[in-house]
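The file my_file30.cif contains mmCIF, C-alpha atoms:
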data_model
#
loop_
_atom_site.label_atom_id
_atom_site.label_comp_id
_atom_site.auth_asym_id
_atom_site.auth_seq_id
_atom_site.Cartn_x
_atom_site.Cartn_y
_atom_site.Cartn_z
CA MET G 1 33.73 -16.23 14.14
CA GLN G 2 31.70 -13.50 15.84
CA ARG G 3 30.80 -10.41 13.88
CA SER G 4 31.71 -6.95 15.09
CA TRP G 5 29.01 -4.59 16.30
CA PHE G 6 29.24 -2.71 13.00
CA SER G 7 28.71 -5.90 11.02
CA ARG G 8 25.74 -6.86 13.15
CA ILE G 9 24.16 -3.47 12.46
CA VAL G 10 24.86 -3.60 8.75
CA TYR G 11 23.48 -7.13 8.40
CA SER G 12 20.43 -6.41 10.53
CA PRO G 13 17.25 -6.39 8.37
CA TRP G 14 15.83 -3.30 10.08
CA ALA G 15 19.10 -1.35 9.89
CA ARG G 16 19.63 -1.66 6.15
CA PRO G 17 16.75 0.58 5.05
CA VAL G 18 17.67 3.10 7.76
CA LEU G 19 21.25 3.23 6.49
CA LEU G 20 20.02 3.59 2.91
CA ILE G 21 17.71 6.47 3.84
CA ALA G 22 20.56 8.17 5.72
CA LEU G 23 22.80 7.76 2.67
CA LEU G 24 20.14 9.23 0.37
CA ILE G 25 19.65 12.21 2.68
CA LEU G 26 23.40 12.80 2.73
CA LEU G 27 23.49 12.56 -1.08
CA TRP G 28 20.56 14.98 -1.24
CA GLN G 29 22.48 17.52 0.87
CA LEU G 30 25.67 17.08 -1.15
CA VAL G 31 23.84 17.65 -4.45
CA ILE G 32 22.36 20.88 -3.12
CA VAL G 33 25.73 22.13 -1.90
CA VAL G 34 27.77 21.05 -4.93
CA PHE G 35 25.36 22.34 -7.59
CA GLY G 36 24.15 25.35 -5.59
CA ILE G 37 20.48 24.50 -6.00
CA LYS G 38 18.22 27.27 -4.73
CA PRO G 39 15.84 26.57 -1.82
CA TYR G 40 12.80 27.47 -3.93
CA LEU G 41 13.65 24.55 -6.23
CA ILE G 42 14.68 21.85 -3.75
CA PRO G 43 14.78 22.48 0.00
CA ALA G 44 17.67 21.24 2.11
CA PRO G 45 17.02 18.20 4.34
CA LEU G 46 17.54 20.33 7.45
CA ALA G 47 14.79 22.72 6.30
CA VAL G 48 12.41 19.79 5.87
CA VAL G 49 13.27 18.45 9.32
CA LYS G 50 12.67 21.89 10.86
CA THR G 51 9.28 22.06 9.14
CA LEU G 52 8.40 18.59 10.39
CA VAL G 53 9.15 19.69 13.95
CA ALA G 54 7.49 23.09 13.71
CA GLU G 55 4.38 21.88 11.87
CA TRP G 56 4.12 18.50 13.59
CA PRO G 57 0.68 19.03 15.23
CA ARG G 58 -0.78 20.15 11.92
CA LEU G 59 0.94 17.43 9.92
CA PHE G 60 -0.15 14.76 12.38
CA ARG G 61 -3.75 15.98 12.32
CA GLU G 62 -3.93 15.98 8.53
CA THR G 63 -2.15 12.62 8.36
CA LEU G 64 -4.84 11.07 10.54
CA VAL G 65 -7.51 12.23 8.08
CA THR G 66 -5.65 10.67 5.15
CA THR G 67 -5.03 7.50 7.14
CA TYR G 68 -8.72 7.13 7.96
CA ALA G 69 -9.61 7.42 4.28
CA THR G 70 -6.85 4.98 3.35
CA LEU G 71 -7.99 2.38 5.85
CA GLY G 72 -11.61 2.80 4.77
CA GLY G 73 -10.76 2.24 1.11
CA PHE G 74 -8.46 -0.67 1.95
CA ALA G 75 -11.13 -2.32 4.09
CA LEU G 76 -13.66 -1.97 1.28
CA SER G 77 -11.19 -3.46 -1.20
CA ILE G 78 -10.90 -6.53 1.03
CA ALA G 79 -14.62 -6.78 1.71
CA PHE G 80 -15.54 -6.61 -1.98
CA GLY G 81 -12.36 -7.75 -3.71
CA ILE G 82 -11.85 -11.17 -2.12
CA PRO G 83 -15.47 -12.38 -2.57
CA MET G 84 -15.41 -11.08 -6.15
CA ALA G 85 -12.15 -12.91 -6.79
CA LEU G 86 -13.61 -16.14 -5.42
CA LEU G 87 -16.55 -15.85 -7.79
CA ILE G 88 -14.21 -15.22 -10.71
CA ALA G 89 -11.86 -18.05 -9.76
CA TYR G 90 -14.59 -20.65 -9.34
CA SER G 91 -17.03 -19.63 -12.06
CA ARG G 92 -16.09 -19.32 -15.71
CA THR G 93 -19.39 -17.55 -16.38
CA VAL G 94 -18.68 -14.84 -13.81
CA GLU G 95 -15.12 -14.56 -15.08
CA SER G 96 -16.23 -14.05 -18.67
CA PHE G 97 -18.65 -11.29 -17.67
CA VAL G 98 -16.89 -9.50 -14.81
CA TYR G 99 -13.15 -9.82 -15.39
CA PRO G 100 -13.05 -7.83 -18.67
CA LEU G 101 -15.17 -5.14 -17.02
CA LEU G 102 -12.71 -4.89 -14.13
CA VAL G 103 -9.80 -4.54 -16.53
CA PHE G 104 -11.70 -1.88 -18.47
CA SER G 105 -12.41 0.05 -15.27
CA GLN G 106 -8.69 0.29 -14.52
CA SER G 107 -8.07 2.14 -17.79
CA VAL G 108 -10.24 5.03 -16.60
CA PRO G 109 -8.09 7.63 -14.78
CA LYS G 110 -9.31 7.98 -11.20
CA VAL G 111 -8.46 11.69 -11.24
CA ALA G 112 -10.97 12.11 -14.08
CA ILE G 113 -13.90 10.57 -12.20
CA ALA G 114 -13.01 11.70 -8.66
CA PRO G 115 -14.79 15.07 -9.13
CA LEU G 116 -18.04 13.13 -9.57
CA PHE G 117 -17.69 11.75 -6.05
CA VAL G 118 -17.37 15.28 -4.70
CA VAL G 119 -20.55 16.28 -6.55
CA TRP G 120 -22.42 13.23 -5.28
CA PHE G 121 -21.08 12.98 -1.72
CA GLY G 122 -19.72 16.42 -0.87
CA PHE G 123 -16.36 17.35 0.64
CA GLY G 124 -16.37 14.84 3.51
CA ILE G 125 -14.38 11.66 3.89
CA ILE G 126 -16.62 9.48 1.69
CA PRO G 127 -15.17 10.66 -1.68
CA LYS G 128 -11.66 9.97 -0.37
CA ILE G 129 -12.63 6.48 0.76
CA ILE G 130 -14.18 5.73 -2.62
CA ALA G 131 -11.08 6.99 -4.47
CA ALA G 132 -8.87 4.86 -2.22
CA PHE G 133 -11.13 1.86 -2.79
CA LEU G 134 -11.03 2.21 -6.57
CA LEU G 135 -7.23 2.10 -6.63
CA ALA G 136 -6.90 -0.63 -4.01
CA PHE G 137 -9.62 -2.95 -5.33
CA PHE G 138 -8.02 -4.27 -8.52
CA PRO G 139 -4.75 -5.67 -7.07
CA VAL G 140 -6.71 -7.60 -4.44
CA VAL G 141 -8.94 -9.17 -7.08
CA VAL G 142 -6.15 -10.07 -9.50
CA SER G 143 -3.81 -11.54 -6.90
CA THR G 144 -6.57 -13.51 -5.20
CA VAL G 145 -7.77 -14.94 -8.51
CA VAL G 146 -4.22 -15.96 -9.40
CA GLY G 147 -3.78 -17.53 -5.97
CA PHE G 148 -6.89 -19.70 -6.12
CA LYS G 149 -6.33 -20.66 -9.75
CA SER G 150 -2.78 -21.76 -8.91
CA VAL G 151 -3.86 -24.37 -6.38
CA GLU G 152 -2.44 -27.76 -7.28
CA ARG G 153 -5.15 -29.83 -8.91
CA ASP G 154 -3.63 -33.07 -7.67
CA MET G 155 -4.10 -31.96 -4.06
CA ILE G 156 -7.76 -31.19 -4.67
CA ASP G 157 -8.28 -34.55 -6.36
CA LEU G 158 -6.57 -36.27 -3.45
CA ALA G 159 -8.85 -34.51 -0.96
CA ARG G 160 -11.93 -35.51 -2.92
CA SER G 161 -10.75 -39.12 -3.12
CA MET G 162 -10.56 -39.06 0.68
CA LYS G 163 -14.21 -37.95 0.85
CA ALA G 164 -13.40 -34.41 2.01
CA SER G 165 -16.24 -31.93 1.63
CA ARG G 166 -15.93 -28.83 -0.50
CA LEU G 167 -15.59 -26.67 2.59
CA GLU G 168 -12.87 -28.88 4.04
CA THR G 169 -11.04 -28.89 0.72
CA PHE G 170 -11.26 -25.12 0.55
CA MET G 171 -10.12 -24.50 4.14
CA ARG G 172 -7.33 -27.09 4.22
CA ILE G 173 -5.94 -26.91 0.69
CA SER G 174 -7.18 -24.08 -1.50
CA LEU G 175 -7.06 -21.27 1.06
CA PRO G 176 -3.60 -22.03 2.52
CA GLN G 177 -2.08 -22.32 -0.96
CA ALA G 178 -3.74 -19.09 -2.14
CA LEU G 179 -2.90 -16.96 0.90
CA PRO G 180 0.62 -15.95 -0.26
CA SER G 181 -0.84 -14.49 -3.46
CA VAL G 182 -3.67 -12.86 -1.51
CA PHE G 183 -1.23 -11.11 0.80
CA ALA G 184 0.93 -10.05 -2.13
CA GLY G 185 -2.13 -8.29 -3.52
CA LEU G 186 -2.95 -6.76 -0.15
CA LYS G 187 0.53 -5.28 0.14
CA VAL G 188 0.16 -3.58 -3.23
CA SER G 189 -3.39 -2.58 -2.41
CA VAL G 190 -2.63 -0.84 0.88
CA THR G 191 0.01 1.39 -0.72
CA LEU G 192 -2.28 2.25 -3.62
CA ALA G 193 -5.02 3.08 -1.12
CA VAL G 194 -2.78 5.87 0.21
CA VAL G 195 -2.44 7.22 -3.32
CA GLY G 196 -6.20 7.00 -3.86
CA ALA G 197 -6.94 8.89 -0.65
CA VAL G 198 -4.59 11.69 -1.70
CA VAL G 199 -6.20 11.80 -5.15
CA GLY G 200 -9.57 12.30 -3.48
CA GLU G 201 -8.10 15.10 -1.36
CA PHE G 202 -6.58 16.78 -4.40
CA VAL G 203 -9.89 16.88 -6.23
CA GLY G 204 -12.02 18.28 -3.43
CA SER G 205 -11.26 18.40 0.26
CA ASN G 206 -10.70 20.76 3.15
CA SER G 207 -8.47 18.41 5.15
CA GLY G 208 -5.84 15.73 4.75
CA ILE G 209 -2.28 15.63 3.47
CA GLY G 210 -3.44 16.12 -0.11
CA TYR G 211 -5.18 19.33 0.90
CA LEU G 212 -2.06 20.43 2.78
CA LEU G 213 0.11 19.72 -0.27
CA GLN G 214 -2.13 21.93 -2.38
CA ILE G 215 -1.78 24.78 0.13
CA ALA G 216 2.00 24.32 0.24
CA ASN G 217 2.16 24.26 -3.56
CA GLY G 218 0.11 27.44 -3.83
CA ASN G 219 2.38 29.21 -1.33
CA PHE G 220 5.59 27.77 -2.85
CA ASP G 221 6.34 26.32 0.58
CA LEU G 222 8.57 23.47 -0.55
CA PRO G 223 9.74 22.43 2.94
CA LEU G 224 6.11 21.95 3.97
CA MET G 225 5.43 20.04 0.77
CA PHE G 226 8.37 17.70 1.35
CA ALA G 227 7.31 17.29 4.98
CA GLY G 228 3.83 16.25 3.81
CA LEU G 229 5.31 13.80 1.34
CA THR G 230 7.44 12.38 4.14
CA MET G 231 4.34 11.81 6.25
CA LEU G 232 2.63 10.08 3.33
CA SER G 233 5.63 7.82 2.88
CA LEU G 234 5.58 6.93 6.57
CA VAL G 235 1.89 6.06 6.38
CA GLY G 236 2.51 3.79 3.40
CA VAL G 237 5.49 2.08 5.04
CA ILE G 238 3.66 1.53 8.35
CA LEU G 239 0.56 0.10 6.69
CA PHE G 240 2.69 -2.14 4.47
CA ALA G 241 4.56 -3.36 7.55
CA LEU G 242 1.29 -4.11 9.34
CA VAL G 243 0.04 -6.20 6.42
CA ASP G 244 3.39 -8.00 6.35
CA LEU G 245 3.09 -8.66 10.10
CA VAL G 246 -0.35 -10.20 9.62
CA GLU G 247 1.05 -12.31 6.79
CA ARG G 248 3.85 -13.59 9.02
CA PHE G 249 1.29 -14.52 11.65
CA MET G 250 -1.08 -16.30 9.28
CA ILE G 251 1.37 -18.12 6.99
CA PRO G 252 4.62 -18.56 8.94
CA TRP G 253 5.16 -21.83 7.10
CA HIS G 254 5.46 -20.21 3.66
CA ALA G 255 8.83 -19.99 1.92
CA SER G 256 8.63 -16.18 1.78
CA GLN G 257 8.72 -16.07 5.59
CA ARG G 258 11.83 -18.19 5.97
CA HIS G 259 14.94 -16.08 6.32
CA ASP G 260 17.52 -18.72 7.13
CA PHE G 261 18.88 -18.55 3.59
CA SER G 262 19.70 -14.84 4.03
CA ALA G 263 21.58 -15.25 7.29
CA THR G 264 24.90 -15.13 5.48
CA ALA G 265 23.86 -12.55 2.87
#
Let me see whether you can do it: turn the structure in this file into C-alpha cells.
Amino acid sequence: MQRSWFSRIVYSPWARPVLLIALLILLWQLVIVVFGIKPYLIPAPLAVVKTLVAEWPRLFRETLVTTYATLGGFALSIAFGIPMALLIAYSRTVESFVYPLLVFSQSVPKVAIAPLFVVWFGFGIIPKIIAAFLLAFFPVVVSTVVGFKSVERDMIDLARSMKASRLETFMRISLPQALPSVFAGLKVSVTLAVVGAVVGEFVGSNSGIGYLLQIANGNFDLPLMFAGLTMLSLVGVILFALVDLVERFMIPWHASQRHDFSATA
C-alpha cells in the first residue's frame, strides 16, 4: 500500500528534525503568549528571525571566524589524538604513563586556563584554536583507544597464522574494526570543538560569535544573542553532518549505516 504524501514527509529522515524544530518554535511562541513573558527575558521567535535577517552579514562574518577556529582545533585533535591513541592502545607502558595524565587534564576547567593562551599568544585566532583543540582532543583519544582495543583477537591470530604482516593485519583487520569507534569520537569531538572555540572567544577576542554574544549580553540585546546561538547551532549541526557523511563513505558496510531496519519505523 502506497503512503500518502504526508506520510512520506513524516517518515523521511531529513523531515523529522525539521518538523521537531518547527514544533519547538511553535511551543516557544505559545509559552510567550500564554504566560506573557516580557521580551527582555525571552524574545519571540519572530524577533530572532528579524535579527537574523537584519544582522546576517555581521553574523555570517563572525560565524566564519568561529568556524575557522573550530576546524583548526578539530584538525589538531585528529592529528595528535589518533597517533596518541594508537600508542596507548598498543603499548601498556605508554598507557600507564599517558592515559592517567590525559584524564587528569580533563578535570581542569578550560575557562580557567584559557586566559593564559591570550597572555601567551595574544587576541588572534591561535588561542581559540588551542581552546577548541583541548576540548576536542580527549573524545578522539578515548574512542580510538576503545576501538583498537575492541578488535577481535581471534581475527588477529587468524591473520598471523596466514603469515600476514603487521601492516597488513592493521590495515585489513584492526583499522576497519576500529573505524566505527573512531568516527563516534570524531562526532563528539567536532561539536566540542565549537564549544572550545567560543570559550576562547569569551576569554579574549575581538571577533567571532563568542565576542558577539558578549556584546549582545552587555547591551541586553536578547534577539541578537539568540541569533548568535542559532548560528552556533547551525555550525555544530553542519560539521557533525559532514563527519557523518565521511563516515558513510568510509564504512558503508558497518551496521550503523544500514537503515533497512528503520524503513517501517
Name the residues captured by the PyMOL selection byres ((chain G and resi 195-200) around 10) when it is applied to the shown file; answer as number ranges by chain.
-> G: 65-74, 110-111, 113-115, 117-118, 123, 125-136, 189-194, 201-205, 208-211, 213, 232, 236
To one decimal place, how far is CA of Val94 in chain G from CA of Val140 in chain G in Å?
-> 16.8 Å
Which value, in Å to one decimal, gives the distance between CA of Pro17 in chain G and CA of Thr230 in chain G?
-> 15.1 Å
Near Ala54 in chain G, counting only C-alpha atoms, which residues have an atom at most 12 Å away, once you skip same-chain residues fewer than 6 positions from it, shown as a PDB file with C-alpha atoms, keeping the file's coordinate frame?
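Final output, saved to selection.pdb:
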ATOM      1  CA  ALA G  47      14.790  22.720   6.300  1.00  0.00           C
ATOM      2  CA  VAL G  48      12.410  19.790   5.870  1.00  0.00           C
ATOM      3  CA  PHE G  60      -0.150  14.760  12.380  1.00  0.00           C
ATOM      4  CA  PRO G 223       9.740  22.430   2.940  1.00  0.00           C
ATOM      5  CA  LEU G 224       6.110  21.950   3.970  1.00  0.00           C
ATOM      6  CA  ALA G 227       7.310  17.290   4.980  1.00  0.00           C
TER       7      ALA G 227
END
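Minimum atom-to-atom distance to Met171 in chain G, evaluated using all atoms listed in the file, belongs to G:Phe148 out of G:Val108, G:Glu95, G:Phe148, G:Val119.
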Skipping near chain neighbours, those fewer than 3 positions away, what residues fall within 8 Å of Met225 in chain G using all atoms listed in the file, listed as a PyMOL selection string?
-> chain G and resi 212-213+216-217+221-222+228-229
Create the file for the chosen residues now, containing C-alpha atoms and written as a PDB file, keeping the file's coordinate frame.
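Final file, selection-v9.pdb:
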ATOM      1  CA  LEU G 212      -2.060  20.430   2.780  1.00  0.00           C
ATOM      2  CA  LEU G 213       0.110  19.720  -0.270  1.00  0.00           C
ATOM      3  CA  ALA G 216       2.000  24.320   0.240  1.00  0.00           C
ATOM      4  CA  ASN G 217       2.160  24.260  -3.560  1.00  0.00           C
ATOM      5  CA  ASP G 221       6.340  26.320   0.580  1.00  0.00           C
ATOM      6  CA  LEU G 222       8.570  23.470  -0.550  1.00  0.00           C
ATOM      7  CA  GLY G 228       3.830  16.250   3.810  1.00  0.00           C
ATOM      8  CA  LEU G 229       5.310  13.800   1.340  1.00  0.00           C
TER       9      LEU G 229
END
In terms of the shortest atom-to-atom distance over all atoms listed in the file, which of G:Thr63, G:Gln29, G:Ser207, G:Ser181 is closest to Ile82 in chain G?
-> G:Ser181
Taking (-3.2, -17.5, 2.6) in the file's coordinates, which residues come within 12 Å, counting all atoms listed in the file, written as a ChimeraX atom specification?
-> /G:82,143-144,147-148,151,170-186,246-254,256
Since the input lacks atoms, please generate N, CA and C atoms for range 26-43 of chain G and provide them as a compact mmCIF listing (two decimals), in the frame of the given file.
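Saved result, rebuild-v1.txt, follows:
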# COMPACT_ATOMS: atom_id res chain seq x y z
N LEU G 26 22.07 12.21 2.87
CA LEU G 26 23.40 12.80 2.73
C LEU G 26 23.69 13.17 1.28
N LEU G 27 23.31 12.28 0.35
CA LEU G 27 23.49 12.56 -1.08
C LEU G 27 22.65 13.76 -1.49
N TRP G 28 21.45 13.85 -0.98
CA TRP G 28 20.56 14.98 -1.24
C TRP G 28 21.24 16.30 -0.82
N GLN G 29 21.81 16.32 0.38
CA GLN G 29 22.48 17.52 0.87
C GLN G 29 23.71 17.86 0.03
N LEU G 30 24.47 16.85 -0.35
CA LEU G 30 25.67 17.08 -1.15
C LEU G 30 25.32 17.65 -2.52
N VAL G 31 24.27 17.15 -3.13
CA VAL G 31 23.84 17.65 -4.45
C VAL G 31 23.46 19.12 -4.35
N ILE G 32 22.75 19.48 -3.30
CA ILE G 32 22.36 20.88 -3.12
C ILE G 32 23.57 21.78 -2.95
N VAL G 33 24.53 21.32 -2.15
CA VAL G 33 25.73 22.13 -1.90
C VAL G 33 26.62 22.22 -3.14
N VAL G 34 26.85 21.08 -3.79
CA VAL G 34 27.77 21.05 -4.93
C VAL G 34 27.22 21.85 -6.11
N PHE G 35 25.93 21.68 -6.42
CA PHE G 35 25.36 22.34 -7.59
C PHE G 35 24.71 23.68 -7.25
N GLY G 36 24.71 24.06 -5.99
CA GLY G 36 24.15 25.35 -5.59
C GLY G 36 22.68 25.50 -5.92
N ILE G 37 21.91 24.46 -5.68
CA ILE G 37 20.48 24.50 -6.00
C ILE G 37 19.76 25.42 -5.01
N LYS G 38 18.92 26.28 -5.55
CA LYS G 38 18.22 27.27 -4.73
C LYS G 38 17.13 26.60 -3.89
N PRO G 39 16.85 27.16 -2.70
CA PRO G 39 15.84 26.57 -1.82
C PRO G 39 14.44 26.54 -2.42
N TYR G 40 14.14 27.47 -3.36
CA TYR G 40 12.80 27.47 -3.93
C TYR G 40 12.63 26.39 -5.01
N LEU G 41 13.73 25.69 -5.32
CA LEU G 41 13.65 24.55 -6.23
C LEU G 41 13.63 23.22 -5.45
N ILE G 42 14.61 23.03 -4.60
CA ILE G 42 14.68 21.85 -3.75
C ILE G 42 15.15 22.29 -2.37
N PRO G 43 14.36 22.07 -1.34
CA PRO G 43 14.78 22.48 0.00
C PRO G 43 15.85 21.54 0.56
